[in-house]
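Trainee: Have a peek at query37.txt (compact mmCIF, C-alpha atoms).
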```
# COMPACT_ATOMS: atom_id res chain seq x y z
CA MET A 218 -13.21 0.73 -26.35
CA SER A 219 -10.20 -1.28 -25.20
CA LYS A 220 -10.16 -3.71 -22.29
CA PHE A 221 -7.22 -1.64 -21.01
CA ASP A 222 -9.14 1.67 -20.87
CA ASP A 223 -9.62 1.57 -17.09
CA ILE A 224 -5.90 1.32 -16.41
CA ARG A 225 -3.99 2.80 -19.35
CA PRO A 226 -2.32 6.24 -19.59
CA PHE A 227 -3.62 8.80 -22.09
CA TYR A 228 -3.23 8.17 -25.78
CA ASP A 229 -1.21 10.94 -27.42
CA ASP A 230 -4.31 12.44 -29.09
CA GLU A 231 -5.88 12.86 -25.61
CA VAL A 232 -2.90 14.63 -24.05
CA ASN A 233 -3.54 18.23 -25.09
CA ASP A 234 -7.15 18.29 -23.87
CA ALA A 235 -6.16 16.58 -20.61
CA LEU A 236 -3.41 19.15 -20.05
CA LYS A 237 -5.79 22.03 -20.77
CA SER A 238 -8.25 20.61 -18.21
CA VAL A 239 -5.70 20.97 -15.38
CA ALA A 240 -3.60 23.87 -16.70
CA LYS A 241 -5.00 26.37 -14.18
CA HIS A 242 -5.42 23.93 -11.28
CA PRO A 243 -3.69 25.29 -8.14
CA MET A 244 -1.53 22.16 -7.89
CA MET A 245 -0.40 22.50 -11.52
CA LYS A 246 0.46 26.14 -10.86
CA ALA A 247 2.50 25.14 -7.81
CA LEU A 248 4.25 22.39 -9.80
CA MET A 249 5.14 24.76 -12.64
CA ARG A 250 6.31 27.52 -10.27
CA PHE A 251 8.60 24.94 -8.67
CA THR A 252 9.82 23.71 -12.08
CA PHE A 253 10.33 27.15 -13.66
CA PRO A 254 10.91 29.53 -10.73
CA ASP A 255 12.12 32.37 -13.00
CA GLN A 256 9.18 32.26 -15.43
CA ASP A 257 5.68 33.70 -15.17
CA GLU A 258 2.46 31.77 -15.74
CA GLU A 259 2.15 32.86 -19.37
CA PHE A 260 5.40 31.05 -20.21
CA TRP A 261 4.25 27.55 -19.38
CA LEU A 262 0.59 28.10 -20.34
CA GLY A 263 1.88 29.07 -23.78
CA GLN A 264 4.12 25.99 -23.91
CA PHE A 265 1.21 23.71 -22.94
CA LYS A 266 -0.50 24.56 -26.26
CA ASP A 267 2.32 22.79 -28.14
CA ILE A 268 2.19 19.58 -26.09
CA HIS A 269 0.52 16.82 -28.11
CA SER A 270 2.03 13.63 -26.71
CA ILE A 271 3.21 12.09 -23.46
CA SER A 272 6.74 12.26 -24.82
CA ASP A 273 6.37 16.04 -25.35
CA PHE A 274 5.13 16.47 -21.78
CA GLN A 275 7.93 14.35 -20.29
CA HIS A 276 10.70 15.98 -22.33
CA HIS A 277 9.60 19.61 -21.94
CA PHE A 278 8.15 19.60 -18.42
CA ILE A 279 8.57 16.54 -16.20
CA ALA A 280 12.30 16.15 -16.96
CA TYR A 281 12.78 19.76 -15.80
CA THR A 282 10.71 19.09 -12.68
CA VAL A 283 12.85 16.07 -11.73
CA ARG A 284 16.09 17.99 -12.34
CA GLN A 285 14.77 20.75 -10.07
CA ILE A 286 13.91 18.17 -7.37
CA LEU A 287 17.48 16.84 -7.57
CA LYS A 288 18.93 20.35 -7.43
CA GLN A 289 16.88 21.41 -4.41
CA SER A 290 16.73 18.27 -2.29
CA SER A 291 19.70 16.05 -3.15
CA GLU A 292 23.46 16.08 -3.55
CA GLY A 293 23.28 14.34 -6.89
CA LEU A 294 22.23 11.23 -8.78
CA SER A 295 24.70 8.56 -9.90
CA THR A 296 24.06 5.48 -12.02
CA SER A 297 25.65 2.23 -13.16
CA GLY A 298 24.71 -0.64 -15.48
CA PHE A 299 22.65 1.41 -17.94
CA GLU A 300 25.52 1.48 -20.41
CA ASP A 301 24.93 -2.26 -21.00
CA LEU A 302 21.34 -1.77 -22.16
CA ASP A 303 20.34 -1.52 -25.82
CA LYS A 304 18.91 1.83 -26.89
CA ASP A 305 16.09 0.37 -29.00
CA THR A 306 14.99 -2.45 -26.68
CA ALA A 307 12.06 -2.42 -24.24
CA TYR A 308 12.86 -3.84 -20.79
CA LEU A 309 10.82 -4.78 -17.73
CA PHE A 310 12.47 -3.02 -14.79
CA VAL A 311 11.60 -4.94 -11.59
CA SER A 312 12.64 -2.51 -8.93
CA SER A 313 13.34 -2.05 -5.26
CA HIS A 314 10.82 0.54 -4.06
CA ARG A 315 11.48 3.35 -1.63
CA ASP A 316 9.58 6.38 -2.91
CA ILE A 317 6.14 6.63 -4.53
CA VAL A 318 6.98 9.36 -7.05
CA LEU A 319 10.74 9.53 -7.32
CA ASP A 320 11.70 5.91 -8.03
CA THR A 321 10.07 5.98 -11.47
CA SER A 322 10.75 9.66 -12.14
CA LEU A 323 14.49 9.24 -11.57
CA LEU A 324 14.62 6.09 -13.67
CA ASN A 325 12.92 7.86 -16.57
CA LEU A 326 15.25 10.85 -16.31
CA VAL A 327 18.20 8.43 -16.60
CA LEU A 328 16.58 6.61 -19.54
CA LEU A 329 15.92 9.96 -21.25
CA ASP A 330 19.52 11.14 -20.75
CA GLU A 331 20.93 7.78 -21.92
CA GLY A 332 18.70 7.68 -25.01
CA LEU A 333 16.99 4.47 -23.82
CA VAL A 334 13.30 3.52 -24.10
CA MET A 335 11.39 5.26 -21.29
CA THR A 336 8.88 3.36 -19.18
CA SER A 337 5.20 3.07 -18.62
CA SER A 338 5.03 2.68 -14.85
CA ALA A 339 2.65 0.93 -12.46
CA ILE A 340 1.00 3.06 -9.75
CA GLY A 341 -1.65 2.03 -7.21
CA ASP A 342 -5.03 3.65 -7.90
CA ASN A 343 -5.23 4.44 -4.18
CA LEU A 344 -2.40 6.96 -4.71
CA VAL A 345 -4.18 8.97 -7.39
CA GLN A 346 -7.69 9.36 -6.02
CA LYS A 347 -7.49 13.14 -6.31
CA SER A 348 -8.61 14.03 -9.84
CA PHE A 349 -5.56 16.21 -10.54
CA LEU A 350 -3.11 13.47 -9.49
CA HIS A 351 -4.98 10.93 -11.63
CA ILE A 352 -4.66 13.14 -14.72
CA LEU A 353 -1.01 13.96 -13.96
CA ALA A 354 -0.22 10.25 -13.55
CA LYS A 355 -1.83 9.43 -16.93
CA LEU A 356 0.05 12.34 -18.56
CA ASN A 357 3.27 10.82 -17.22
CA ARG A 358 2.57 7.39 -18.73
CA ASN A 359 1.52 5.65 -15.51
CA PHE A 360 -0.93 2.76 -15.65
CA LEU A 361 -3.16 1.89 -12.71
CA VAL A 362 -2.87 -1.07 -10.38
CA GLN A 363 -6.41 -1.52 -9.08
CA ARG A 364 -6.42 -2.09 -5.32
CA GLY A 365 -9.03 -3.21 -2.82
CA LEU A 366 -11.23 -5.17 -5.23
CA PRO A 367 -13.21 -8.31 -4.26
CA ILE A 368 -11.19 -11.48 -4.94
CA ARG A 369 -12.85 -12.44 -8.25
CA GLU A 370 -12.58 -8.90 -9.63
CA GLN A 371 -8.98 -8.68 -8.41
CA LEU A 372 -8.13 -11.82 -10.34
CA ASN A 373 -9.61 -10.38 -13.54
CA SER A 374 -7.89 -7.04 -12.95
CA SER A 375 -4.53 -8.79 -12.47
CA LYS A 376 -5.03 -10.72 -15.72
CA ILE A 377 -5.79 -7.53 -17.65
CA MET A 378 -2.75 -5.80 -16.16
CA SER A 379 -0.55 -8.77 -17.03
CA GLU A 380 -1.79 -8.70 -20.64
CA TYR A 381 -1.28 -4.93 -20.79
CA ILE A 382 2.32 -5.15 -19.57
CA TYR A 383 3.03 -7.92 -22.09
CA GLU A 384 1.51 -5.88 -24.90
CA LEU A 385 3.56 -2.80 -23.94
CA LEU A 386 6.81 -4.77 -23.92
CA THR A 387 6.29 -6.95 -26.98
CA LYS A 388 3.97 -5.02 -29.30
CA GLU A 389 4.60 -1.36 -28.47
CA ASN A 390 8.30 -1.68 -27.62
CA ARG A 391 7.63 0.29 -24.44
CA SER A 392 9.69 -0.40 -21.32
CA VAL A 393 7.79 -0.98 -18.07
CA TRP A 394 8.62 -0.23 -14.43
CA ILE A 395 7.04 -2.31 -11.68
CA ALA A 396 7.92 -2.56 -8.00
CA GLN A 397 9.19 -5.93 -6.79
CA ARG A 398 6.46 -5.90 -4.13
CA GLU A 399 3.13 -4.25 -3.39
CA GLY A 400 3.87 -0.97 -1.64
CA ARG A 401 7.18 0.56 -0.65
CA THR A 402 9.78 -1.27 1.41
CA LYS A 403 9.40 0.19 4.89
CA ASP A 404 12.06 -1.79 6.82
CA GLY A 405 14.97 -1.77 4.34
CA ASN A 406 14.50 -5.44 3.38
CA ASP A 407 14.14 -5.65 -0.39
CA ALA A 408 12.33 -8.86 -1.36
CA THR A 409 10.40 -9.76 -4.52
CA GLN A 410 6.88 -10.96 -3.82
CA GLN A 411 5.89 -14.07 -5.74
CA GLY A 412 2.45 -12.50 -6.19
CA VAL A 413 3.99 -9.88 -8.51
CA LEU A 414 5.58 -12.63 -10.62
CA LYS A 415 2.34 -14.67 -10.63
CA MET A 416 0.49 -11.61 -11.94
CA LEU A 417 3.06 -11.14 -14.74
CA ALA A 418 2.85 -14.85 -15.64
CA MET A 419 -0.92 -14.68 -16.25
CA ALA A 420 -0.14 -13.56 -19.83
CA ALA A 421 2.16 -16.53 -20.52
CA GLY A 422 -0.43 -18.51 -22.47
CA GLU A 423 1.10 -21.72 -23.83
CA GLN A 424 4.72 -20.61 -23.25
CA SER A 425 6.77 -22.25 -20.53
CA LEU A 426 7.15 -20.01 -17.50
CA THR A 427 10.88 -19.50 -17.97
CA ASP A 428 10.60 -18.81 -21.72
CA PHE A 429 7.86 -16.29 -20.97
CA PHE A 430 9.93 -14.45 -18.36
CA LYS A 431 12.88 -14.48 -20.76
CA SER A 432 10.74 -12.72 -23.37
CA LEU A 433 10.03 -9.89 -20.89
CA LYS A 434 13.75 -8.95 -20.73
CA ILE A 435 13.72 -8.40 -16.96
CA VAL A 436 16.23 -5.89 -15.56
CA PRO A 437 16.45 -5.89 -11.74
CA LEU A 438 16.76 -2.26 -10.60
CA SER A 439 18.43 -1.22 -7.34
CA ILE A 440 17.52 2.25 -6.06
CA SER A 441 19.17 3.63 -2.94
CA TYR A 442 18.82 6.99 -1.18
CA GLU A 443 21.43 8.14 1.34
CA TYR A 444 18.60 9.62 3.40
CA ASP A 445 15.04 8.38 3.00
CA PRO A 446 12.97 11.59 3.18
CA THR A 447 9.92 9.56 4.24
CA ASP A 448 11.70 7.48 6.92
CA VAL A 449 9.80 8.98 9.85
CA LEU A 450 6.46 8.60 8.00
CA LYS A 451 7.08 4.84 7.71
CA MET A 452 7.47 4.44 11.47
CA PRO A 453 3.79 4.17 12.53
CA GLN A 454 3.20 1.28 10.11
CA LEU A 455 6.40 -0.49 11.20
CA MET A 456 5.51 -0.09 14.86
CA ALA A 457 1.99 -1.43 14.28
CA LYS A 458 3.47 -4.44 12.47
CA SER A 459 5.88 -5.14 15.33
CA ARG A 460 2.92 -5.14 17.76
CA ASN A 461 0.76 -7.32 15.47
CA GLU A 462 -1.73 -4.45 15.13
CA VAL A 463 -3.72 -3.57 12.02
CA TYR A 464 -2.48 -0.26 10.59
CA ILE A 465 -5.08 2.11 9.13
CA LYS A 466 -3.83 4.99 7.00
CA ASP A 467 -5.03 8.57 7.50
CA LYS A 468 -7.11 10.01 4.67
CA ASP A 469 -4.33 12.18 3.17
CA GLU A 470 -1.38 10.05 4.27
CA ASP A 471 -0.38 8.92 0.77
CA PHE A 472 -0.43 12.50 -0.52
CA THR A 473 1.68 13.72 2.43
CA THR A 474 4.15 10.89 1.76
CA MET A 475 4.38 11.83 -1.93
CA LEU A 476 5.13 15.47 -1.10
CA SER A 477 7.68 14.53 1.56
CA GLY A 478 9.42 12.18 -0.86
CA VAL A 479 9.70 14.89 -3.50
CA LEU A 480 10.70 17.80 -1.27
CA GLY A 481 12.55 16.10 1.62
CA GLN A 482 16.35 15.95 1.78
CA LYS A 483 17.81 12.81 0.20
CA LYS A 484 21.53 13.60 -0.05
CA ARG A 485 22.99 11.20 -2.66
CA ILE A 486 20.97 8.77 -4.79
CA HIS A 487 22.14 5.81 -6.87
CA LEU A 488 20.37 3.70 -9.50
CA HIS A 489 21.88 0.45 -10.74
CA ALA A 490 20.47 -1.49 -13.70
CA GLY A 491 21.30 -5.17 -13.29
CA LYS A 492 22.02 -7.63 -16.09
CA VAL A 493 19.02 -8.76 -18.17
CA LEU A 494 17.85 -12.13 -16.84
CA GLY A 495 18.72 -14.84 -19.38
CA THR A 496 20.83 -17.92 -18.65
CA GLU A 497 19.57 -17.91 -15.04
CA LEU A 498 16.07 -18.54 -16.35
CA ASP A 499 17.29 -21.42 -18.54
CA GLU A 500 18.91 -23.00 -15.48
CA ILE A 501 15.73 -22.58 -13.43
CA GLY A 502 13.72 -24.23 -16.24
CA SER A 503 16.11 -27.20 -16.26
CA GLU A 504 16.25 -27.57 -12.48
CA PHE A 505 12.56 -27.22 -11.51
CA ASP A 506 9.37 -28.62 -13.06
CA ASN A 507 7.06 -27.18 -10.41
CA LYS A 508 5.82 -23.67 -11.33
CA ASN A 509 5.82 -22.43 -7.75
CA LYS A 510 9.42 -23.57 -7.33
CA GLN A 511 10.29 -21.79 -10.58
CA LEU A 512 8.63 -18.57 -9.37
CA GLN A 513 10.49 -18.85 -6.05
CA ALA A 514 13.78 -19.25 -7.89
CA ILE A 515 13.07 -16.32 -10.25
CA ALA A 516 12.22 -14.10 -7.26
CA GLN A 517 15.52 -15.14 -5.65
CA VAL A 518 17.52 -14.27 -8.79
CA ILE A 519 15.92 -10.80 -8.87
CA ASP A 520 16.61 -10.32 -5.15
CA ASP A 521 20.22 -11.44 -5.57
CA SER A 522 20.78 -8.79 -8.23
CA ILE A 523 18.98 -5.98 -6.38
CA ILE A 524 20.78 -6.62 -3.08
CA ARG A 525 24.26 -7.26 -4.54
CA ASN A 526 24.05 -4.04 -6.56
CA TYR A 527 22.44 -1.90 -3.88
CA LYS A 528 24.67 1.12 -3.19
CA LEU A 529 25.42 1.39 0.53
CA TRP A 530 25.91 4.88 1.96
CA PRO A 531 27.58 6.11 5.18
CA THR A 532 24.08 6.35 6.70
CA ASN A 533 23.64 2.58 6.30
CA PHE A 534 26.94 1.78 8.04
CA ILE A 535 26.33 4.34 10.81
CA ALA A 536 22.90 2.83 11.52
CA TYR A 537 24.38 -0.68 11.60
CA ASP A 538 27.05 0.34 14.13
CA LEU A 539 24.56 2.23 16.32
CA LEU A 540 22.05 -0.63 16.20
CA HIS A 541 24.66 -3.25 17.15
CA LYS A 542 26.67 -0.98 19.49
CA THR A 543 29.84 -1.60 17.53
CA SER A 544 32.42 0.32 15.51
CA GLN A 545 32.76 -2.43 12.89
CA TYR A 546 32.16 -0.05 9.97
CA SER A 547 33.75 3.10 11.40
CA GLY A 548 36.09 3.21 8.41
CA CYS A 549 33.06 3.73 6.12
CA TYR A 550 31.99 7.09 7.55
CA THR A 551 33.38 10.16 9.29
CA GLU A 552 32.62 11.32 12.83
CA ASN A 553 30.90 14.34 11.31
CA GLU A 554 28.62 12.12 9.20
CA LYS A 555 27.77 10.10 12.29
CA MET A 556 26.99 13.25 14.29
CA LEU A 557 24.73 14.57 11.52
CA PHE A 558 22.90 11.23 11.28
CA GLU A 559 22.29 11.12 15.04
CA ARG A 560 21.17 14.74 15.13
CA ARG A 561 18.74 14.13 12.29
CA MET A 562 17.37 11.03 14.03
CA GLU A 563 16.85 12.98 17.26
CA MET A 564 14.90 15.63 15.35
CA ARG A 565 12.66 13.05 13.66
CA ILE A 566 11.81 10.52 16.36
CA ASP A 567 11.60 10.20 20.13
CA ILE A 568 14.88 8.42 20.78
CA SER A 569 13.85 7.63 24.37
CA ASP A 570 11.44 5.08 22.85
CA ALA A 571 13.83 2.14 22.45
CA GLU A 572 11.56 0.16 20.12
CA LEU A 573 11.01 3.16 17.84
CA LYS A 574 14.73 3.93 17.73
CA GLN A 575 15.53 0.30 16.90
CA SER A 576 13.02 0.28 14.01
CA PHE A 577 14.39 3.55 12.64
CA LEU A 578 18.00 2.31 12.74
CA ALA A 579 17.04 -1.10 11.30
CA MET A 580 15.49 0.60 8.25
CA TYR A 581 18.95 1.95 7.36
CA ALA A 582 20.97 -0.99 8.69
CA ASN A 583 19.10 -3.88 7.02
CA PRO A 584 20.60 -3.28 3.54
CA VAL A 585 24.07 -3.78 5.13
CA ILE A 586 22.93 -7.00 6.83
CA ASN A 587 21.34 -8.30 3.63
CA LYS A 588 24.36 -7.50 1.49
CA ASN A 589 26.67 -9.19 4.00
CA LYS A 590 24.93 -12.51 3.32
CA TYR A 591 26.46 -12.40 -0.17
CA ASN A 592 29.95 -11.54 1.05
CA LYS A 593 30.43 -14.60 3.26
```
Please go through the file and, once you have read it, give me the structure as structure tokens.

Mentor:
Amino acid sequence: MSKFDDIRPFYDDEVNDALKSVAKHPMMKALMRFTFPDQDEEFWLGQFKDIHSISDFQHHFIAYTVRQILKQSSEGLSTSGFEDLDKDTAYLFVSSHRDIVLDTSLLNLVLLDEGLVMTSSAIGDNLVQKSFLHILAKLNRNFLVQRGLPIREQLNSSKIMSEYIYELLTKENRSVWIAQREGRTKDGNDATQQGVLKMLAMAAGEQSLTDFFKSLKIVPLSISYEYDPTDVLKMPQLMAKSRNEVYIKDKDEDFTTMLSGVLGQKKRIHLHAGKVLGTELDEIGSEFDNKNKQLQAIAQVIDDSIIRNYKLWPTNFIAYDLLHKTSQYSGCYTENEKMLFERRMEMRIDISDAELKQSFLAMYANPVINKNKYNK
């Protein structure tokens, strides 16, 4: 027994049995039919017998699934910054977060294609309460973030997760993906929560905070989708927040969001890997003695990288101009792109509701506003 057993993915010697246990599950059949539309069931059931590690499963199945998602629901994936990463080094990717499934899946496809170390990725246990999804997540090297625990248990759970991430990075040479905040960004404002950094720092031991974070080899990751396929699903929560109401999710809301993210139209997607945090951490260590101030400054450095390197699309500029009733960015999009954006918005929300329309446009416009702060 390991203290990480409640949160870890499968060990390689557990993979084949786990795969067999879900091989004929209706959701696995649907996933494989989507991945290999020209093959019958015998093809992939036969291939499953030869899968004896997470790496096997990712290389021979999940990579094909993600390529099929890109083919059917996007106009392509572009990247930048990955060429500066070392092929044999494990990194901690602290990432902007837009989509439950795709953010990590796309990153790992890029890492696979570039010959870099693939990640073990954090996922909230609330998202994998269905048994099949839990097994699939563990087969895909996800580890669980335990949610909704009493405060004392949450503290212990955070400490265990912190130690697990540190062990992955430093002992197993396994890269890690973690969102910069709890939950997806709903309003387009990408900001690192200090709570995430505090959790990571629980494993620091006797090291200084800045030396510890340096040892993690943090890479800020900017992920941007031209269209967010789950934009309309984020509206109820945004509207509740604007009215100071408590938002309560429907029972299957997370599952619906996952499916919409995978299958919904995204147009173009861009991933940028920022520079590994190094000298910035030395400067923070010299400038601040107070740990909270240091954490604040580290969060700011991550935010600076994510926002500066966030790829803006015509949809972002269109939303900004519509929201502010201006033509300031008209040179960044065509009239046809604007017409398509407006038509799509009209199909997804009730545009006669001014508050709803404003929230929808702000979701796309805020990355422009945030990036502008760096251009002044």

Trainee: Would you mind listing what lies within 8 Å of range 272-283 of chain A as a ChimeraX atom specification, with all atoms listed in the file counted and same-chain residues fewer than 4 positions away left out?

Mentor: /A:248-249,251-252,268,287,322-323,326,356-357

Trainee: Please identify all polymer residues within 9 Å of Val232 in chain A, counting all atoms listed in the file, omitting same-chain residues fewer than 3 positions from it, and present them as a list in words.

Mentor: Phe227, Tyr228, Asp229, Ala235, Leu236, Lys237, Ile268, His269, Ser270, Ile271, Phe274, Lys355 and Leu356 of chain A

Trainee: Counting only C-alpha atoms, figure out which residue out of A:Glu552, A:Glu443, A:Val311, A:Ser425 gets nearest to Lys508 in chain A.

Mentor: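 Of A:Glu552, A:Glu443, A:Val311, A:Ser425, the one nearest Lys508 in chain A, counting only C-alpha atoms, is A:Ser425.
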
Trainee: Can you pull out the residues contacting Asp305 in chain A? Cut-off 9 Å, using all atoms listed in the file, and skip same-chain residues under 4 positions away; I want them as a PyMOL selection string.

Mentor: chain A and resi 332-334+390

Trainee: Fewer than 3 positions away in the same chain doesn't count, so skip those; otherwise give me all residues within 8 Å of range 564-574 of chain A, counting only C-alpha atoms, as an mmCIF file with C-alpha atoms, in the frame of the given file.

Mentor:
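part.cif written:
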```cif
data_model
loop_
_atom_site.group_PDB
_atom_site.id
_atom_site.type_symbol
_atom_site.label_atom_id
_atom_site.label_comp_id
_atom_site.auth_asym_id
_atom_site.auth_seq_id
_atom_site.Cartn_x
_atom_site.Cartn_y
_atom_site.Cartn_z
ATOM 1 C CA VAL A 449 9.800 8.980 9.850
ATOM 2 C CA MET A 452 7.470 4.440 11.470
ATOM 3 C CA MET A 456 5.510 -0.090 14.860
ATOM 4 C CA ARG A 560 21.170 14.740 15.130
ATOM 5 C CA ARG A 561 18.740 14.130 12.290
ATOM 6 C CA PHE A 577 14.390 3.550 12.640
ATOM 7 C CA LEU A 578 18.000 2.310 12.740
#
```

Trainee: Between CA of Val362 in chain A and CA of Ser379 in chain A, what distance in Å does the model show, to one decimal?

Mentor: 10.4 Å

Trainee: Residues at most 9 Å from Thr447 in chain A, counting all atoms listed in the file, excluding those fewer than 3 positions away in the same chain, as a ChimeraX atom specification?

Mentor: /A:315-316,444,450-451,474-475,477-478,481
